[in-house]
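Engineer: To start, I am sharing the structure in question, which I have written as structure tokens.
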4 protein chains.
Amino acid sequence: MKKIKVGIVGLGRLGRQHAENLAFRIPNAELLAICSVVKEEVEQVQKEWGIKYGYINYDEMLENKELDAIFISSPSGYHCEQIIKALEAGFHVFSEKPLGLYLDEAKKAAEVVNKYKDKQVFMLGFMRRYDASYAYAKKKMEEGAIGDPVLIRCYGLDPSSAMKGFLKFAKNSYSGGLFLDMAIHDLDLARWYMGSEAEKVWAIGGAYQYPEFKELNDAETGSAMVKFKNGTMGIFVAGRNCAHGYHVETEIICTKGTLRVATVPEKNMVTVFDETGARRECSQGFLERFEQAYLAETQEFINCIVENRQPSVTVEDGVLSTALGYACKESFETGELVTVK
Amino acid sequence: MKKIKVGIVGLGRLGRQHAENLAFRIPNAELLAICSVVKEEVEQVQKEWGIKYGYINYDEMLENKELDAIFISSPSGYHCEQIIKALEAGFHVFSEKPLGLYLDEAKKAAEVVNKYKDKQVFMLGFMRRYDASYAYAKKKMEEGAIGDPVLIRCYGLDPSSAMKGFLKFAKNSYSGGLFLDMAIHDLDLARWYMGSEAEKVWAIGGAYQYPEFKELNDAETGSAMVKFKNGTMGIFVAGRNCAHGYHVETEIICTKGTLRVATVPEKNMVTVFDETGARRECSQGFLERFEQAYLAETQEFINCIVENRQPSVTVEDGVLSTALGYACKESFETGELVTVK
Amino acid sequence: MKKIKVGIVGLGRLGRQHAENLAFRIPNAELLAICSVVKEEVEQVQKEWGIKYGYINYDEMLENKELDAIFISSPSGYHCEQIIKALEAGFHVFSEKPLGLYLDEAKKAAEVVNKYKDKQVFMLGFMRRYDASYAYAKKKMEEGAIGDPVLIRCYGLDPSSAMKGFLKFAKNSYSGGLFLDMAIHDLDLARWYMGSEAEKVWAIGGAYQYPEFKELNDAETGSAMVKFKNGTMGIFVAGRNCAHGYHVETEIICTKGTLRVATVPEKNMVTVFDETGARRECSQGFLERFEQAYLAETQEFINCIVENRQPSVTVEDGVLSTALGYACKESFETGELVTVK
Amino acid sequence: MKKIKVGIVGLGRLGRQHAENLAFRIPNAELLAICSVVKEEVEQVQKEWGIKYGYINYDEMLENKELDAIFISSPSGYHCEQIIKALEAGFHVFSEKPLGLYLDEAKKAAEVVNKYKDKQVFMLGFMRRYDASYAYAKKKMEEGAIGDPVLIRCYGLDPSSAMKGFLKFAKNSYSGGLFLDMAIHDLDLARWYMGSEAEKVWAIGGAYQYPEFKELNDAETGSAMVKFKNGTMGIFVAGRNCAHGYHVETEIICTKGTLRVATVPEKNMVTVFDETGARRECSQGFLERFEQAYLAETQEFINCIVENRQPSVTVEDGVLSTALGYACKESFETGELVTVK
């Protein structure tokens with residue numbers, strides 16, 4: 001079996017998971033190189049997993065011509081530049097979302113991706129499309145049994161338990177704010193399921209328990225309502241203060257039926273009955289909820305390279321979802337109805 | 001509209017509820033008389049609700065010829081005698097379960113009921129058959145969509161919160177024990193849904209948290225497995241120590257589908273999401289769970305009188321369910337497989 | 001027991017239910033008079049239930065000084081006038097929602113209600129507040145365990161099975177459209193739970209399966225997003241084409257927990273397992289879902305008269321909810337963000 | 001990283017899954033050899049996955065001294081002999097359940113396993129203990145929050161859709177019957193969770209839709225009730241005709257709470273709302289339900305070898321579960337209460 005040789009940049013929490021998947025769980029992939037600015041991290045992972053090459057400099061990794069593909073899971077601020085460099089160096093590229101911190105970056109990345117798209121695979125990490133339940137919902141819709149889409153409702157809520165860490169991080173770093181950082185996956189899903197682009201949006205929100213969000217000019221919890229060009233509707237709730245856990249729920253109301261994905265973010269298949277009632281405990285984070293989706297998207301990336309085709313999620317999905325995220329942000333900041341460009 | 005004039009005996013917790021239903025919620029009934037050995041209780045209810053006659057002596061109430069029907073919700077030890085007296089005095093009779101504390105009593109009551117059955121309505125308080133969900137399950141089965149019955153599983157579990165009160169009561173009073181007192185409703189349901197009588201039973205159980213049950217020669221929680229004459233199976237779990245509440249659940253496995261009634265004993269339609277997970281709070285007692293069923297069975301009793309017909313639940317249901325209860329008790333006590341007579 | 005003597009106007013589907021409740025299920029009420037323009041209906045109900053007075057003329061009923069209270073469940077277009085006349089004639093008044101078809105009517109009714117409020121009880125039929133599950137949710141919030149409100153999401157969806165009847169009716173009659181006719185209960189609930197009034201609203205919607213809605217200048221399914229004055233958020237989805245039934249769901253996201261009322265509109269407590277999966281069948285209409293709430297609100301109305309107090313739901317609730325409904329309607333029709341007056 | 005070199009025997013449906021896991025998803029394992037009596041199968045898998053050695057003769061594979069471990073997923077009738085041969089040849093051994101078709105075989109295998117247990121790892125494929133939800137339930141119990149065990153209820157039901165295939169297979173092959181073939185996993189789980197061995201059992205069952213089971217002297221659906229030596233209770237329902245799918249459910253009732261694992265055998269996280277109600281679709285087979293558990297148990301086997309320790313599931317678990325299965329079978333066949341030896 002031909003194995004695609006991959007070099008990964010970024011070994012944070014999600015990066016480490018991607019690296020592990022590439023090293024051990026993708027039959028037709030081989031993790032040949034790892035790159036991180038933290039030298040000790042590189043050395044430790046190399047040693048533990050037997051990875052051939054280790055880099056603390058991204059440009060040096062790109063000079064390694066044994067590699068077929070570059071996998072980017074560095075901080076968001078580096079994505080745009082690293083995507084472009086890797087493509088220009090002739091590699092297939094997977095990048096975690098977003099394409100860049102600003103819409104301009106996303107567009108610039110898209111331009112380069114399109115330039116190389118005949119020969120090089122590019123994939124953006126909208127992993128939810130590869131989650132078994134989300135894929136199943138899409139299939140149900142395509143089979144036609146539930147009719148045409150009318151409305152999508154998406155919740156993307158981070159657990160309260162992550163609040164402290166988030167506030168510390170947010171004060172020192174620009175992530176785009178709630179709608180770009182949290183809601184972006186939902187905006188992409190909505191475009192995918194509704195089969196249309198956003199026309200207008202109104203977004204609201206506030207600081208309900210943590211006044212720090214006011215200082216950050218961001219929302220602790222926020223909502224956006226979107227009118228799509230085909231007349232369908234989108235409702236998005238994003239937040240960082242969900243008491244019960246990591247609540248990512250999607251509902252698609254159609255003319256002949258409705259689908260709900262993870263209406264309770266069930267941790268596992270155990271129901272606990274005790275003096276509080278009958279309860280399902282909940283997922284506490286994205287790695288717990290989407291472990292298999294991360295694996296599946298990476299498998300798809302490698303398969304695309306092997307089979308010489310592009311994945312169904314495109315760079316335009318990244319640009320358009322980012323544009324919608326920025327429209328939400330603008331609406332939230334101005335209080336006005338915003339037309340999506 | 002002709003109103004059936006009713007006299008009730010017993011004004012305990014359930015008796016009071018029955019009296020209130022008869023007085024205010026059954027259009028074609030009138031609560032004309034109440035009877036209780038507690039004089040103050042009688043006077044208070046008479047005054048509060050404007051009830052015409054009050055008695056502290058049951059025999060005196062039976063002399064009141066304005067009455068059409070007698071409603072018995074006195075302690076179980078009085079049922080048999082009061083049923084017989086009321087029938088012999090010419091009244092229609094409703095009696096709370098059981099027909100009597102012992103199988104002999106049940107049979108004696110049945111004999112008298114059958115003697116008067118052409119002219120006088122008799123109904124036994126197996127109210128679950130009149131619960132909207134149980135009735136719906138029966139209808140589903142009769143419609144044939146789920147095939148023929150294979151196995152019934154019944155849970156009848158009292159809440160831990162009632163333990164203290166129960167132990168106090170049990171030390172001074174014979175109720176027949178777990179299988180006769182708690183499981184009797186389930187044994188009746190099983191006969192109703194399976195459409196067959198029990199052939200053999202094995203029952204086990206023990207004292208798991210409260211050693212008092214050993215002294216009482218009873219089980220804190222017990223199980224019985226029944227083979228019915230038509231080859232179907234019954235599984236019964238009864239108990240008095242259910243942490244989450246009053247758990248009455250029934251499952252009917254059929255050849256083409258399965259029904260579960262109250263698989264979570266939901267208190268209402270609220271789901272609470274908090275740091276414990278997503279939970280449904282649970283019912284805490286029989287009056288909470290079966291409030292509407294008590295009303296519906298009483299309405300059916302009155303309608304039977306008006307329409308001159310007998311209810312579908314018969315005195316034989318009482319006798320046969322009691323016989324099965326005693327077989328469970330015998331099996332639990334001897335440890336042996338018991339053939340139901 | 002003193003019984004409040006009531007006259008009801010309107011004997012349609014819901015009116016009949018109210019009449020039955022007043023006649024038979026409210027201990028301290030007596031249905032003394034019924035009024036409908038359909039003479040046969042009046043005669044039939046009088047005879048069947050033994051009602052003393054029957055009228056085909058509302059004004060005549062108001063001349064009956066035996067009556068204590070008037071219960072209005074006539075078509076919406078008559079509410080305002082009938083409320084005012086009954087109050088001026090000295091009666092306590094219950095009126096089904098809405099106060100009137102137009103905001104002006106609602107305000108006019110409110111003026112008169114306020115004029116008589118020291119001596120006469122007035123209650124508006126926002127029955128959901130009296131539903132056991134909605135009341136339980138309110139209690140949970142007031143107990144403080146789930147923190148402060150952040151967002152409310154309300155779904156009010158009529159079953160597809162009622163579509164044909166609705167379209168026939170809608171072509172010949174003005175009901176205010178989707179947001180006033182369907183969403184009004186939700187708008188009231190939102191004000192109640194959020195403890196604040198609406199500031200701004202954007203509403204969208206369309207005709208997704210039935211082009212007739214375009215001709216009616218109404219929405220088959222519509223959404224509104226509301227910003228409340230205290231910074232909390234409201235999301236409302238109303239519709240007339242829900243495949244699975246009558247879906248009335250309410251979610252209240254708070255800073256320390258979330259409540260969902262009827263997240264599945266469960267018909268009863270039966271779960272059916274068959275080749276389609278494990279399913280809960282759904283309620284098919286408002287009388288099925290809110291049967292007990294209609295009873296409880298009527299009981300509260302009668303109790304208010306007896307105890308000489310006003311119900312917690314006030315005429316202002318009617319005016320303000322109507323104003324918000326009209327703001328939704330305006331936004332839907334203009335496509336613009338609307339400031340609620 | 002040191003990789004354990006494994007040879008697998010048996011490339012049927014489950015064998016293929018195990019092989020794939022060993023080849024691609026267990027970082028510290030290498031699938032070095034495969035063995036099957038079907039030559040084409042061996043060649044095809046070797047070629048497709050790049051497996052070094054292929055055998056059609058088991059004894060030949062045992063001569064390959066590059067191998068560290070043998071993985072047995074051949075038909076049940078071969079297990080006992082293959083386990084013994086592999087251990088005697090010096091290999092670590094994983095065997096799919098059962099240890100053998102007869103209790104004697106199980107005991108013989110156990111004897112040999114115990115002889116080599118100081119140096120060679122032996123693991124039996126009771127994969128459910130490695131399923132995330134079952135493991136979570138065990139952890140909950142060990143943490144003590146739900147008190148001491150009282151009763152375990154286990155359902156193991158194969159989907160109706162597999163009936164045709166089963167009947168064809170069963171006529172030509174002895175699998176031990178319903179209680180040994182289907183219930184064995186549940187019997188093991190019960191011993192694990194209850195922390196005790198079975199004392200007495202009564203088992204019943206029959207042919208409810210397919211008379212073929214009568215001819216096979218087996219049950220289409222059967223139940224067993226077990227009294228454990230520590231006084232706890234076990235209820236087991238096994239069957240081959242479950243309309244909604246592969247229903248493996250386990251409930252553990254304890255003195256302070258209850259756990260249910262997979263009370264609905266949810267296929268994924270999608271809820272479908274349509275004219276049938278709100279439903280969760282169900283798993284259709286063991287590979288779908290336990291995909292991750294198969295992976296986790298194999299990982300544990302390899303880790304045991306690397307870390308020089310024995311897995312927590314022992315060969316005695318296999319012997320005792322088989323003994324209990326045979327007691328169920330005897331009870332079902334004789335109709336009598338059976339004391340487990």
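In the structure tokens, chains take letters A, B, ... by order of appearance, with residues numbered from 1 within each chain and ligands from 1 in the order shown.
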Could you name the residues that touch A:Ala162 at 10 Å or less, counting only C-alpha atoms, but leaving out those on the same chain fewer than 3 positions away, as a list in words?

Structural biologist: Asp158, Pro159, Gly165, Phe166, Leu167, Arg240, Asn241, Cys242, Gly245, Tyr246, Gln284 and Gly285 of chain A

Engineer: Could you write out as number ranges by chain the residues of chain C within 10 Å of chain A, counting only C-alpha atoms?

Structural biologist: C: 146-151, 160, 200-210, 220-227, 231-237, 241-244, 253-258, 263, 335-337

Engineer: Considering only C-alpha atoms, return as number ranges by chain whatever protein or nucleic-acid residues lie within 6 Å of D:Gly125, sequence-local ones (same chain, fewer than 2 positions apart) excluded.

Structural biologist: D: 95-97, 127

Engineer: Sorted by chain and rising residue number, which residues of stretch 64-114 of chain B lie within 10 Å of stretch 21-34 of chain B, and what are their closest atom pairs and distances in Å to one decimal, counting only C-alpha atoms, as CSV?

Structural biologist:
```
residue,atom,partner,partner_atom,distance
B:Asn64,CA,B:Ala33,CA,8.9
B:Glu66,CA,B:Leu32,CA,8.4
B:Leu67,CA,B:Leu32,CA,7.2
B:Asp68,CA,B:Leu32,CA,9.6
B:Ala69,CA,B:Leu31,CA,9.8
B:Ile70,CA,B:Ala33,CA,9.2
B:Phe71,CA,B:Ile34,CA,9.4
```

Engineer: Give me a file of those residues, with N, CA, C and O atoms, as a PDB file, in the first residue's frame.

Structural biologist:
```pdb
ATOM      1  N   ASN B  64     -78.908   3.890  53.864  1.00  0.00           N
ATOM      2  CA  ASN B  64     -79.367   5.087  53.143  1.00  0.00           C
ATOM      3  C   ASN B  64     -79.794   4.707  51.728  1.00  0.00           C
ATOM      4  O   ASN B  64     -78.958   4.475  50.842  1.00  0.00           O
ATOM      5  N   GLU B  66     -81.174   6.451  49.439  1.00  0.00           N
ATOM      6  CA  GLU B  66     -80.974   7.452  48.374  1.00  0.00           C
ATOM      7  C   GLU B  66     -79.757   7.090  47.532  1.00  0.00           C
ATOM      8  O   GLU B  66     -79.615   7.533  46.395  1.00  0.00           O
ATOM      9  N   LEU B  67     -78.854   6.346  48.106  1.00  0.00           N
ATOM     10  CA  LEU B  67     -77.599   6.021  47.418  1.00  0.00           C
ATOM     11  C   LEU B  67     -77.789   4.962  46.332  1.00  0.00           C
ATOM     12  O   LEU B  67     -78.615   4.048  46.476  1.00  0.00           O
ATOM     13  N   ASP B  68     -76.991   5.116  45.241  1.00  0.00           N
ATOM     14  CA  ASP B  68     -76.994   4.115  44.176  1.00  0.00           C
ATOM     15  C   ASP B  68     -75.768   3.198  44.281  1.00  0.00           C
ATOM     16  O   ASP B  68     -75.814   2.035  43.889  1.00  0.00           O
ATOM     17  N   ALA B  69     -74.674   3.771  44.750  1.00  0.00           N
ATOM     18  CA  ALA B  69     -73.411   3.032  44.682  1.00  0.00           C
ATOM     19  C   ALA B  69     -72.536   3.295  45.902  1.00  0.00           C
ATOM     20  O   ALA B  69     -72.599   4.374  46.498  1.00  0.00           O
ATOM     21  N   ILE B  70     -71.753   2.285  46.230  1.00  0.00           N
ATOM     22  CA  ILE B  70     -70.795   2.404  47.339  1.00  0.00           C
ATOM     23  C   ILE B  70     -69.376   2.311  46.773  1.00  0.00           C
ATOM     24  O   ILE B  70     -69.078   1.453  45.927  1.00  0.00           O
ATOM     25  N   PHE B  71     -68.545   3.204  47.243  1.00  0.00           N
ATOM     26  CA  PHE B  71     -67.165   3.296  46.778  1.00  0.00           C
ATOM     27  C   PHE B  71     -66.259   2.978  47.964  1.00  0.00           C
ATOM     28  O   PHE B  71     -66.241   3.725  48.948  1.00  0.00           O
TER      29      PHE B  71
END
```

Engineer: Between C:Ile84, C:Met269, C:Val45, C:Ala327, which one has atoms that come closest to C:Ala19, using only C-alpha atoms?

Structural biologist: C:Val45

Engineer: How many Å separate atom CA of A:Tyr58 from atom CA of A:Gly318?

Structural biologist: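 Computing it gives 23.1 Å between the two atoms.
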
Engineer: Find, counting only C-alpha atoms, the residue in C:Lys39, C:Arg128, C:Lys107, C:Lys115 that gets nearest to C:Trp192.

Structural biologist: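 Of C:Lys39, C:Arg128, C:Lys107, C:Lys115, the one nearest C:Trp192 is C:Arg128, counting only C-alpha atoms.
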
Engineer: Have a look at B:Arg289, B:Lys117, B:Arg191, B:Arg260 and name the one nearest to B:Thr322; count only C-alpha atoms.

Structural biologist: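 The closest residue to B:Thr322 is B:Arg191.
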
Engineer: Between D:Lys140, D:Lys2, D:Lys65, D:Glu111, single out the one closest to D:Val261, counting only C-alpha atoms.

Structural biologist: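 Of D:Lys140, D:Lys2, D:Lys65, D:Glu111, the one nearest D:Val261 is D:Lys140, counting only C-alpha atoms.
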
Engineer: Please indicate the distance in Å from atom CA of C:Cys154 to atom CA of C:Val313, rounded to one decimal place.

Structural biologist: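 Separation of atom CA of C:Cys154 and atom CA of C:Val313: 19.0 Å.
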
Engineer: As number ranges by chain, list the residues of stretch 80-163 of chain B assigned to helix (DSSP H, G or I) by DSSP on the backbone atoms of this structure.

Structural biologist: B: 80-88, 103-116, 127-130, 132-143, 160-163

Engineer: Write the selection just made, keeping N, CA and C atoms, as a tab-separated table (two decimals), in the first residue's frame?

Structural biologist:
```tsv
chain	number	residue	atom	x	y	z
B	80	CYS	N	-63.09	-7.07	51.75
B	80	CYS	CA	-63.93	-8.23	51.47
B	80	CYS	C	-65.30	-8.09	52.12
B	81	GLU	N	-65.29	-7.82	53.41
B	81	GLU	CA	-66.56	-7.71	54.15
B	81	GLU	C	-67.42	-6.57	53.61
B	82	GLN	N	-66.79	-5.44	53.35
B	82	GLN	CA	-67.57	-4.27	52.90
B	82	GLN	C	-68.14	-4.47	51.50
B	83	ILE	N	-67.38	-5.15	50.64
B	83	ILE	CA	-67.89	-5.46	49.29
B	83	ILE	C	-69.17	-6.30	49.43
B	84	ILE	N	-69.07	-7.36	50.21
B	84	ILE	CA	-70.19	-8.30	50.34
B	84	ILE	C	-71.43	-7.61	50.92
B	85	LYS	N	-71.21	-6.86	51.98
B	85	LYS	CA	-72.34	-6.16	52.61
B	85	LYS	C	-73.01	-5.18	51.64
B	86	ALA	N	-72.22	-4.45	50.90
B	86	ALA	CA	-72.79	-3.44	50.00
B	86	ALA	C	-73.57	-4.09	48.86
B	87	LEU	N	-73.01	-5.20	48.35
B	87	LEU	CA	-73.71	-5.90	47.28
B	87	LEU	C	-75.03	-6.47	47.80
B	88	GLU	N	-74.95	-7.08	48.98
B	88	GLU	CA	-76.17	-7.67	49.55
B	88	GLU	C	-77.22	-6.61	49.88
B	103	LEU	N	-56.22	-15.01	49.79
B	103	LEU	CA	-56.83	-15.55	48.59
B	103	LEU	C	-58.26	-16.03	48.87
B	104	ASP	N	-58.47	-16.59	50.04
B	104	ASP	CA	-59.81	-17.04	50.40
B	104	ASP	C	-60.82	-15.89	50.38
B	105	GLU	N	-60.40	-14.78	50.93
B	105	GLU	CA	-61.27	-13.60	50.93
B	105	GLU	C	-61.60	-13.18	49.50
B	106	ALA	N	-60.57	-13.15	48.67
B	106	ALA	CA	-60.79	-12.75	47.28
B	106	ALA	C	-61.82	-13.65	46.61
B	107	LYS	N	-61.67	-14.95	46.86
B	107	LYS	CA	-62.61	-15.91	46.25
B	107	LYS	C	-64.02	-15.72	46.80
B	108	LYS	N	-64.11	-15.46	48.09
B	108	LYS	CA	-65.42	-15.26	48.71
B	108	LYS	C	-66.10	-14.02	48.11
B	109	ALA	N	-65.33	-12.95	47.99
B	109	ALA	CA	-65.87	-11.72	47.40
B	109	ALA	C	-66.35	-12.00	45.97
B	110	ALA	N	-65.54	-12.76	45.24
B	110	ALA	CA	-65.87	-13.04	43.84
B	110	ALA	C	-67.20	-13.80	43.74
B	111	GLU	N	-67.38	-14.72	44.65
B	111	GLU	CA	-68.61	-15.50	44.65
B	111	GLU	C	-69.84	-14.59	44.78
B	112	VAL	N	-69.75	-13.67	45.71
B	112	VAL	CA	-70.88	-12.76	45.93
B	112	VAL	C	-71.05	-11.82	44.74
B	113	VAL	N	-69.95	-11.31	44.23
B	113	VAL	CA	-70.02	-10.42	43.06
B	113	VAL	C	-70.75	-11.14	41.92
B	114	ASN	N	-70.36	-12.38	41.70
B	114	ASN	CA	-70.97	-13.12	40.59
B	114	ASN	C	-72.47	-13.37	40.81
B	115	LYS	N	-72.84	-13.52	42.07
B	115	LYS	CA	-74.25	-13.73	42.39
B	115	LYS	C	-75.10	-12.53	41.98
B	116	TYR	N	-74.54	-11.34	42.12
B	116	TYR	CA	-75.32	-10.12	41.85
B	116	TYR	C	-74.99	-9.47	40.51
B	127	MET	N	-56.52	0.58	38.39
B	127	MET	CA	-56.65	1.83	37.65
B	127	MET	C	-55.68	1.96	36.49
B	128	ARG	N	-54.61	1.16	36.51
B	128	ARG	CA	-53.63	1.34	35.44
B	128	ARG	C	-54.23	1.08	34.06
B	129	ARG	N	-55.18	0.16	34.02
B	129	ARG	CA	-55.80	-0.12	32.74
B	129	ARG	C	-56.49	1.12	32.16
B	130	TYR	N	-56.77	2.10	33.03
B	130	TYR	CA	-57.45	3.32	32.58
B	130	TYR	C	-56.50	4.49	32.41
B	132	ALA	N	-53.95	6.69	30.43
B	132	ALA	CA	-53.93	6.95	28.98
B	132	ALA	C	-52.81	6.19	28.28
B	133	SER	N	-51.63	6.10	28.90
B	133	SER	CA	-50.52	5.44	28.23
B	133	SER	C	-50.69	3.93	28.21
B	134	TYR	N	-51.16	3.35	29.31
B	134	TYR	CA	-51.39	1.89	29.32
B	134	TYR	C	-52.49	1.52	28.34
B	135	ALA	N	-53.53	2.35	28.29
B	135	ALA	CA	-54.63	2.06	27.36
B	135	ALA	C	-54.15	2.18	25.92
B	136	TYR	N	-53.26	3.16	25.68
B	136	TYR	CA	-52.71	3.35	24.34
B	136	TYR	C	-51.88	2.14	23.93
B	137	ALA	N	-51.12	1.61	24.85
B	137	ALA	CA	-50.30	0.43	24.57
B	137	ALA	C	-51.20	-0.75	24.21
B	138	LYS	N	-52.27	-0.92	24.97
B	138	LYS	CA	-53.20	-2.02	24.69
B	138	LYS	C	-53.80	-1.88	23.29
B	139	LYS	N	-54.16	-0.65	22.96
B	139	LYS	CA	-54.75	-0.38	21.64
B	139	LYS	C	-53.75	-0.72	20.52
B	140	LYS	N	-52.51	-0.30	20.72
B	140	LYS	CA	-51.46	-0.61	19.74
B	140	LYS	C	-51.36	-2.11	19.50
B	141	MET	N	-51.42	-2.86	20.60
B	141	MET	CA	-51.31	-4.32	20.47
B	141	MET	C	-52.51	-4.89	19.73
B	142	GLU	N	-53.67	-4.40	20.09
B	142	GLU	CA	-54.88	-4.92	19.47
B	142	GLU	C	-54.94	-4.59	17.98
B	143	GLU	N	-54.33	-3.46	17.61
B	143	GLU	CA	-54.31	-3.10	16.19
B	143	GLU	C	-53.40	-4.04	15.39
B	160	SER	N	-37.45	5.68	47.54
B	160	SER	CA	-36.69	5.58	48.80
B	160	SER	C	-37.23	6.55	49.83
B	161	SER	N	-37.73	7.67	49.33
B	161	SER	CA	-38.21	8.71	50.26
B	161	SER	C	-39.40	8.22	51.08
B	162	ALA	N	-40.07	7.17	50.62
B	162	ALA	CA	-41.24	6.65	51.35
B	162	ALA	C	-40.85	5.51	52.29
B	163	MET	N	-39.56	5.18	52.32
B	163	MET	CA	-39.10	4.01	53.08
B	163	MET	C	-39.43	4.11	54.57
```

Engineer: Write down as a PyMOL selection string the residues of stretch 28-182 of chain D whose backbone DSSP state falls under strand (DSSP E).

Structural biologist: chain D and resi 29-35+53-55+69-72+92-95+122-124+149-159
